[in-house]
Amino acid sequence: MLAAMFSGRHPITRDLAGNAFIDRNGATFSHVLDFLHTGKLFVAKDDEVLVRRILEEAEYFQIDGLEHACKKQMKQLEKQSTFLNELDMQSTILSAPMKKSLRKMLPGGWRNIKCRTILTSEDGTDALQFDNTVKGVGPFLIVIRADTNFVFGAYVADTFGVPGGWIPGSRETFLFSFGDCNAAIRPVKLCHSGSGDGIFISSGCGLHLGTDLEPFFEHACAPQCTPQVYTTVDPLFSNVTLNDTTLAGRGEWQPLFTEVFAVSHS
């Protein structure tokens with residue numbers, strides 16, 4: 001298709017500088033160009049989401065060699081599915097497809113990921129209860145099902161409570177949402193934007209990831225989320241426009257069920 005586009009037989013859309021304009025995802029298309037230059041696919045062996053995106057481009061542009069390379073790598077990924085697609089965790093909130101998607105969001109080089117339950121909504125959803133239980137623990141996962149029926153949460157790469165107050169926090173920390181649990185899952189991953197006010201930790205206030213996610217009740221506020229400050233959308237998952245409904249379906253919500261897990265891996 002690319003050859004046909006530039007054969008002179010078809011009009012080409014150009015930008016103001018006269019460059020050819022191709023209306024595709026630029027980050028993914030760069031891998032197409034790399035393959036056309038080298039004949040090789042340069043993608044991490046365990047990055048299934050990116051390989052699938054490149055495969056879509058290969059099929060769209062009818063690049064047989066790239067399509068073959070992507071399908072070959074997908075077969076290799078399937079052989080590793082036991083390690084890549086499963087989390088060792090007991091969750092009453094996350095479905096199997098949600099666990100699979102969450103695993104893909106976590107660092108790809110990890111193996112034998114264990115998520116140990118340390119707090120659930122049966123223990124309470126107030127900030128002080130969270131502080132007392134999770135202080136000194138890290139990394140950890142928070143999983144929430146809200147009264148909107150949205151399932152969402154956060155992976156926090158930092159050790160909670162060390163130090164206190166506002167800190168930038170690890171760039172590996174991210175928020176996630178799977179949308180309405182009664183519909184097909186819509187995985188959204190929100191990455192750290194580099195904001196200096198990344199994480200707020202103070203006795204009795206629970207965890208604040210910017211103003212993007214404040215998941216526990218405290219003396220001053222109820223659970224809320226405005227994911228437009230601390231985070232940016234990871235385009236390798238659902239490429240959504242950030243607003244107050246992205247994580248939980250609305251800015252203010254009530255938790256129906258909450259689970260917190262200490263995360264370990266080898």
# chains A, B, ... in the order shown; residues from 1 in each chain; ligands from 1
$ residues_around --residues "segment 27-35 of chain A" --least-positions-apart "5" --cutoff "8 Å" --atoms "only C-alpha atoms" --output "PDB file with N, CA, C and O atoms, in the first residue's frame"
ATOM      1  N   LYS A  40      14.019  -5.810  10.233  1.00  0.00           N
ATOM      2  CA  LYS A  40      13.958  -6.443  11.550  1.00  0.00           C
ATOM      3  C   LYS A  40      12.930  -5.731  12.419  1.00  0.00           C
ATOM      4  O   LYS A  40      12.673  -4.538  12.265  1.00  0.00           O
ATOM      5  N   LEU A  41      12.349  -6.494  13.356  1.00  0.00           N
ATOM      6  CA  LEU A  41      11.377  -5.957  14.295  1.00  0.00           C
ATOM      7  C   LEU A  41      12.068  -5.726  15.630  1.00  0.00           C
ATOM      8  O   LEU A  41      12.472  -6.675  16.305  1.00  0.00           O
ATOM      9  N   PHE A  42      12.232  -4.458  16.010  1.00  0.00           N
ATOM     10  CA  PHE A  42      12.920  -4.119  17.255  1.00  0.00           C
ATOM     11  C   PHE A  42      11.885  -3.771  18.331  1.00  0.00           C
ATOM     12  O   PHE A  42      11.526  -2.616  18.523  1.00  0.00           O
ATOM     13  N   LEU A  50       2.281  -3.670  22.173  1.00  0.00           N
ATOM     14  CA  LEU A  50       2.935  -2.975  21.066  1.00  0.00           C
ATOM     15  C   LEU A  50       3.014  -3.861  19.826  1.00  0.00           C
ATOM     16  O   LEU A  50       2.809  -3.390  18.698  1.00  0.00           O
ATOM     17  N   ARG A  53      -0.233  -3.767  18.053  1.00  0.00           N
ATOM     18  CA  ARG A  53      -0.430  -2.492  17.355  1.00  0.00           C
ATOM     19  C   ARG A  53       0.357  -2.463  16.044  1.00  0.00           C
ATOM     20  O   ARG A  53      -0.135  -1.996  15.014  1.00  0.00           O
ATOM     21  N   ILE A  54       1.592  -2.963  16.084  1.00  0.00           N
ATOM     22  CA  ILE A  54       2.403  -2.992  14.870  1.00  0.00           C
ATOM     23  C   ILE A  54       1.798  -3.964  13.862  1.00  0.00           C
ATOM     24  O   ILE A  54       1.808  -3.698  12.648  1.00  0.00           O
ATOM     25  N   GLU A  57      -0.799  -2.271  11.945  1.00  0.00           N
ATOM     26  CA  GLU A  57      -0.224  -1.404  10.915  1.00  0.00           C
ATOM     27  C   GLU A  57       0.268  -2.233   9.724  1.00  0.00           C
ATOM     28  O   GLU A  57       0.089  -1.833   8.565  1.00  0.00           O
ATOM     29  N   ALA A  58       0.895  -3.377  10.009  1.00  0.00           N
ATOM     30  CA  ALA A  58       1.402  -4.239   8.933  1.00  0.00           C
ATOM     31  C   ALA A  58       0.261  -4.721   8.049  1.00  0.00           C
ATOM     32  O   ALA A  58       0.377  -4.763   6.813  1.00  0.00           O
ATOM     33  N   LEU A  66       6.625  -7.731   7.659  1.00  0.00           N
ATOM     34  CA  LEU A  66       6.376  -7.231   9.015  1.00  0.00           C
ATOM     35  C   LEU A  66       5.240  -8.005   9.664  1.00  0.00           C
ATOM     36  O   LEU A  66       5.296  -8.321  10.863  1.00  0.00           O
TER      37      LEU A  66
END
$ residues_around --residues "Val137 of chain A" --least-positions-apart "2" --cutoff "8 Å" --atoms "only C-alpha atoms" --output "PyMOL selection string"
chain A and resi 134-135+139-140+159-160+262
$ write_last_selection --atoms "N, CA, C and O atoms" --output "PDB file, in the first residue's frame"
ATOM      1  N   VAL A 134      -0.707   0.020  55.787  1.00  0.00           N
ATOM      2  CA  VAL A 134       0.158   0.019  54.610  1.00  0.00           C
ATOM      3  C   VAL A 134       1.480   0.738  54.854  1.00  0.00           C
ATOM      4  O   VAL A 134       2.418   0.606  54.065  1.00  0.00           O
ATOM      5  N   LYS A 135       1.616   1.484  55.920  1.00  0.00           N
ATOM      6  CA  LYS A 135       2.863   2.213  56.172  1.00  0.00           C
ATOM      7  C   LYS A 135       4.047   1.246  56.190  1.00  0.00           C
ATOM      8  O   LYS A 135       4.031   0.214  56.860  1.00  0.00           O
ATOM      9  N   PRO A 139       6.389  -2.220  46.823  1.00  0.00           N
ATOM     10  CA  PRO A 139       5.268  -1.612  46.111  1.00  0.00           C
ATOM     11  C   PRO A 139       3.943  -2.256  46.491  1.00  0.00           C
ATOM     12  O   PRO A 139       3.917  -3.321  47.095  1.00  0.00           O
ATOM     13  N   PHE A 140       2.839  -1.590  46.102  1.00  0.00           N
ATOM     14  CA  PHE A 140       1.533  -2.149  46.422  1.00  0.00           C
ATOM     15  C   PHE A 140       0.512  -1.760  45.356  1.00  0.00           C
ATOM     16  O   PHE A 140       0.711  -0.825  44.576  1.00  0.00           O
ATOM     17  N   THR A 159       7.445   2.992  48.616  1.00  0.00           N
ATOM     18  CA  THR A 159       7.100   2.460  49.933  1.00  0.00           C
ATOM     19  C   THR A 159       6.266   3.500  50.660  1.00  0.00           C
ATOM     20  O   THR A 159       6.696   4.651  50.817  1.00  0.00           O
ATOM     21  N   PHE A 160       5.079   3.139  51.088  1.00  0.00           N
ATOM     22  CA  PHE A 160       4.155   4.110  51.671  1.00  0.00           C
ATOM     23  C   PHE A 160       4.658   4.618  53.020  1.00  0.00           C
ATOM     24  O   PHE A 160       5.060   3.843  53.881  1.00  0.00           O
ATOM     25  N   ALA A 262       0.126  -6.137  48.756  1.00  0.00           N
ATOM     26  CA  ALA A 262       1.575  -5.960  48.704  1.00  0.00           C
ATOM     27  C   ALA A 262       2.087  -6.793  47.531  1.00  0.00           C
ATOM     28  O   ALA A 262       1.697  -7.941  47.340  1.00  0.00           O
TER      29      ALA A 262
END
$ atom_distance --atom1 "atom CA of Pro107 of chain A" --atom2 "atom CA of Thr120 of chain A"
24.7 Å
$ residues_around --residues "segment 171-173 of chain A" --least-positions-apart "5" --cutoff "8 Å" --atoms "only C-alpha atoms" --output "ChimeraX atom specification"
/A:154-158,191-194
$ write_last_selection --atoms "N, CA and C atoms" --output "JSON list (two decimals), in the first residue's frame"
[["chain", "number", "residue", "atom", "x", "y", "z"],
["A", 154, "ALA", "N", -4.68, 1.70, 41.44],
["A", 154, "ALA", "CA", -3.33, 2.23, 41.25],
["A", 154, "ALA", "C", -2.29, 1.20, 41.61],
["A", 155, "TYR", "N", -1.18, 1.23, 40.88],
["A", 155, "TYR", "CA", 0.04, 0.52, 41.28],
["A", 155, "TYR", "C", 1.00, 1.58, 41.79],
["A", 156, "VAL", "N", 1.44, 1.45, 43.03],
["A", 156, "VAL", "CA", 2.35, 2.42, 43.65],
["A", 156, "VAL", "C", 3.69, 1.75, 43.87],
["A", 157, "ALA", "N", 4.71, 2.25, 43.16],
["A", 157, "ALA", "CA", 6.04, 1.64, 43.24],
["A", 157, "ALA", "C", 6.80, 2.08, 44.47],
["A", 158, "ASP", "N", 6.32, 3.12, 45.16],
["A", 158, "ASP", "CA", 7.00, 3.65, 46.34],
["A", 158, "ASP", "C", 6.60, 2.88, 47.60],
["A", 191, "CYS", "N", -0.04, 7.12, 33.22],
["A", 191, "CYS", "CA", 1.34, 7.12, 33.70],
["A", 191, "CYS", "C", 1.68, 8.43, 34.41],
["A", 192, "HIS", "N", 2.69, 8.37, 35.25],
["A", 192, "HIS", "CA", 3.21, 9.53, 35.98],
["A", 192, "HIS", "C", 3.64, 10.60, 34.97],
["A", 193, "SER", "N", 3.14, 11.83, 35.16],
["A", 193, "SER", "CA", 3.48, 12.91, 34.24],
["A", 193, "SER", "C", 4.78, 13.61, 34.59],
["A", 194, "GLY", "N", 5.36, 13.26, 35.77],
["A", 194, "GLY", "CA", 6.57, 13.95, 36.22],
["A", 194, "GLY", "C", 6.28, 15.07, 37.19]]
$ atom_distance --atom1 "atom CA of Leu247 of chain A" --atom2 "atom CA of Asn25 of chain A"
23.6 Å
$ select_by_dssp --residues "segment 15-192 of chain A" --states "helix (DSSP H, G or I)" --output "ChimeraX atom specification"
/A:26-38,48-61,64-79,81-84,96-105,121-123,127-134
$ write_last_selection --atoms "C-alpha atoms" --output "PDB file, in the first residue's frame"
ATOM      1  CA  GLY A  26       3.161   8.165  14.940  1.00  0.00           C
ATOM      2  CA  ALA A  27       4.736   6.141  17.748  1.00  0.00           C
ATOM      3  CA  THR A  28       3.591   2.853  16.217  1.00  0.00           C
ATOM      4  CA  PHE A  29       4.376   3.898  12.641  1.00  0.00           C
ATOM      5  CA  SER A  30       8.002   4.548  13.635  1.00  0.00           C
ATOM      6  CA  HIS A  31       8.360   0.763  14.092  1.00  0.00           C
ATOM      7  CA  VAL A  32       7.004   0.257  10.564  1.00  0.00           C
ATOM      8  CA  LEU A  33       9.690   2.604   9.223  1.00  0.00           C
ATOM      9  CA  ASP A  34      12.375   0.806  11.251  1.00  0.00           C
ATOM     10  CA  PHE A  35      11.323  -2.504   9.711  1.00  0.00           C
ATOM     11  CA  LEU A  36      11.342  -1.065   6.175  1.00  0.00           C
ATOM     12  CA  HIS A  37      14.877   0.242   6.783  1.00  0.00           C
ATOM     13  CA  THR A  38      16.329  -2.848   8.468  1.00  0.00           C
ATOM     14  CA  GLU A  48       2.393  -7.910  23.514  1.00  0.00           C
ATOM     15  CA  VAL A  49       0.367  -4.697  23.287  1.00  0.00           C
ATOM     16  CA  LEU A  50       2.935  -2.975  21.066  1.00  0.00           C
ATOM     17  CA  VAL A  51       3.380  -6.060  18.851  1.00  0.00           C
ATOM     18  CA  ARG A  52      -0.394  -6.176  18.313  1.00  0.00           C
ATOM     19  CA  ARG A  53      -0.430  -2.492  17.355  1.00  0.00           C
ATOM     20  CA  ILE A  54       2.403  -2.992  14.870  1.00  0.00           C
ATOM     21  CA  LEU A  55       0.596  -6.043  13.459  1.00  0.00           C
ATOM     22  CA  GLU A  56      -2.449  -3.846  12.806  1.00  0.00           C
ATOM     23  CA  GLU A  57      -0.224  -1.404  10.915  1.00  0.00           C
ATOM     24  CA  ALA A  58       1.402  -4.239   8.933  1.00  0.00           C
ATOM     25  CA  GLU A  59      -2.012  -5.530   7.900  1.00  0.00           C
ATOM     26  CA  TYR A  60      -3.254  -2.029   7.052  1.00  0.00           C
ATOM     27  CA  PHE A  61      -0.220  -1.228   4.866  1.00  0.00           C
ATOM     28  CA  ASP A  64       3.863  -9.122   4.472  1.00  0.00           C
ATOM     29  CA  GLY A  65       7.328  -9.366   6.024  1.00  0.00           C
ATOM     30  CA  LEU A  66       6.376  -7.231   9.015  1.00  0.00           C
ATOM     31  CA  GLU A  67       3.109  -9.109   9.438  1.00  0.00           C
ATOM     32  CA  HIS A  68       5.018 -12.417   9.504  1.00  0.00           C
ATOM     33  CA  ALA A  69       7.535 -11.055  12.055  1.00  0.00           C
ATOM     34  CA  CYS A  70       4.736  -9.841  14.339  1.00  0.00           C
ATOM     35  CA  LYS A  71       2.830 -13.134  14.187  1.00  0.00           C
ATOM     36  CA  LYS A  72       6.038 -15.052  14.925  1.00  0.00           C
ATOM     37  CA  GLN A  73       6.643 -12.926  18.016  1.00  0.00           C
ATOM     38  CA  MET A  74       3.005 -13.344  19.070  1.00  0.00           C
ATOM     39  CA  LYS A  75       3.440 -17.136  18.997  1.00  0.00           C
ATOM     40  CA  GLN A  76       6.493 -16.816  21.238  1.00  0.00           C
ATOM     41  CA  LEU A  77       4.457 -14.685  23.629  1.00  0.00           C
ATOM     42  CA  GLU A  78       1.718 -17.304  23.750  1.00  0.00           C
ATOM     43  CA  LYS A  79       4.268 -19.904  24.868  1.00  0.00           C
ATOM     44  CA  SER A  81       1.548 -16.901  28.707  1.00  0.00           C
ATOM     45  CA  THR A  82       1.813 -18.643  32.063  1.00  0.00           C
ATOM     46  CA  PHE A  83       4.322 -16.019  33.140  1.00  0.00           C
ATOM     47  CA  LEU A  84       3.078 -12.994  31.219  1.00  0.00           C
ATOM     48  CA  ALA A  96      -9.639 -12.930  34.722  1.00  0.00           C
ATOM     49  CA  PRO A  97      -9.480 -10.532  31.715  1.00  0.00           C
ATOM     50  CA  MET A  98      -8.816  -7.626  34.093  1.00  0.00           C
ATOM     51  CA  LYS A  99      -5.961  -9.523  35.751  1.00  0.00           C
ATOM     52  CA  LYS A 100      -4.514 -10.281  32.334  1.00  0.00           C
ATOM     53  CA  SER A 101      -4.638  -6.618  31.321  1.00  0.00           C
ATOM     54  CA  LEU A 102      -3.186  -5.476  34.650  1.00  0.00           C
ATOM     55  CA  ARG A 103      -0.300  -7.907  34.223  1.00  0.00           C
ATOM     56  CA  LYS A 104       0.516  -6.288  30.873  1.00  0.00           C
ATOM     57  CA  MET A 105       0.644  -2.881  32.544  1.00  0.00           C
ATOM     58  CA  SER A 121     -13.050  -2.880  52.558  1.00  0.00           C
ATOM     59  CA  GLU A 122     -14.203  -5.368  55.203  1.00  0.00           C
ATOM     60  CA  ASP A 123     -11.453  -3.861  57.370  1.00  0.00           C
ATOM     61  CA  ALA A 127      -7.673   6.848  55.610  1.00  0.00           C
ATOM     62  CA  LEU A 128      -6.307   6.147  59.093  1.00  0.00           C
ATOM     63  CA  GLN A 129      -6.989   2.413  58.723  1.00  0.00           C
ATOM     64  CA  PHE A 130      -5.107   2.475  55.406  1.00  0.00           C
ATOM     65  CA  ASP A 131      -2.201   4.450  56.903  1.00  0.00           C
ATOM     66  CA  ASN A 132      -1.754   2.080  59.829  1.00  0.00           C
ATOM     67  CA  THR A 133      -1.883  -1.039  57.646  1.00  0.00           C
ATOM     68  CA  VAL A 134       0.158   0.019  54.610  1.00  0.00           C
TER      69      VAL A 134
END
$ residues_around --residues "segment 181-189 of chain A" --least-positions-apart "6" --cutoff "8 Å" --atoms "only C-alpha atoms" --output "PDB file with C-alpha atoms, in the first residue's frame"
ATOM      1  CA  PRO A  97      -9.480 -10.532  31.715  1.00  0.00           C
ATOM      2  CA  MET A  98      -8.816  -7.626  34.093  1.00  0.00           C
ATOM      3  CA  SER A 101      -4.638  -6.618  31.321  1.00  0.00           C
ATOM      4  CA  MET A 105       0.644  -2.881  32.544  1.00  0.00           C
ATOM      5  CA  ASN A 149     -19.653  -0.160  38.817  1.00  0.00           C
ATOM      6  CA  PHE A 150     -16.287   1.027  37.483  1.00  0.00           C
ATOM      7  CA  VAL A 151     -13.233  -1.040  38.469  1.00  0.00           C
ATOM      8  CA  PHE A 174       0.498   4.368  37.470  1.00  0.00           C
ATOM      9  CA  LEU A 175      -3.289   4.482  37.674  1.00  0.00           C
ATOM     10  CA  VAL A 233      -2.580   8.487  29.052  1.00  0.00           C
ATOM     11  CA  ASP A 234      -0.443   5.541  27.925  1.00  0.00           C
ATOM     12  CA  PHE A 237      -3.759   0.894  25.968  1.00  0.00           C
ATOM     13  CA  SER A 238      -7.058   2.742  25.435  1.00  0.00           C
ATOM     14  CA  ASN A 239      -6.212   6.192  24.092  1.00  0.00           C
ATOM     15  CA  VAL A 240      -8.865   8.222  25.923  1.00  0.00           C
TER      16      VAL A 240
END
$ select_by_dssp --residues "segment 19-218 of chain A" --states "strand (DSSP E)" --output "PyMOL selection string"
chain A and resi 88-89+114-120+140-146+150-156+165-167+174-180+188-192+199-202+206-209
$ residues_around --residues "Ser264 of chain A" --least-positions-apart "2" --cutoff "7 Å" --atoms "only C-alpha atoms" --output "VMD selection string"
chain A and resid 113 to 115 262
$ write_last_selection --atoms "C-alpha atoms" --output "PDB file, in the first residue's frame"
ATOM      1  CA  ILE A 113       4.457 -11.874  40.629  1.00  0.00           C
ATOM      2  CA  LYS A 114       2.713 -12.401  43.956  1.00  0.00           C
ATOM      3  CA  CYS A 115       0.038 -10.049  45.275  1.00  0.00           C
ATOM      4  CA  ALA A 262       1.575  -5.960  48.704  1.00  0.00           C
TER       5      ALA A 262
END
$ atom_distance --atom1 "atom CA of Ala44 of chain A" --atom2 "atom CA of Arg111 of chain A"
15.2 Å
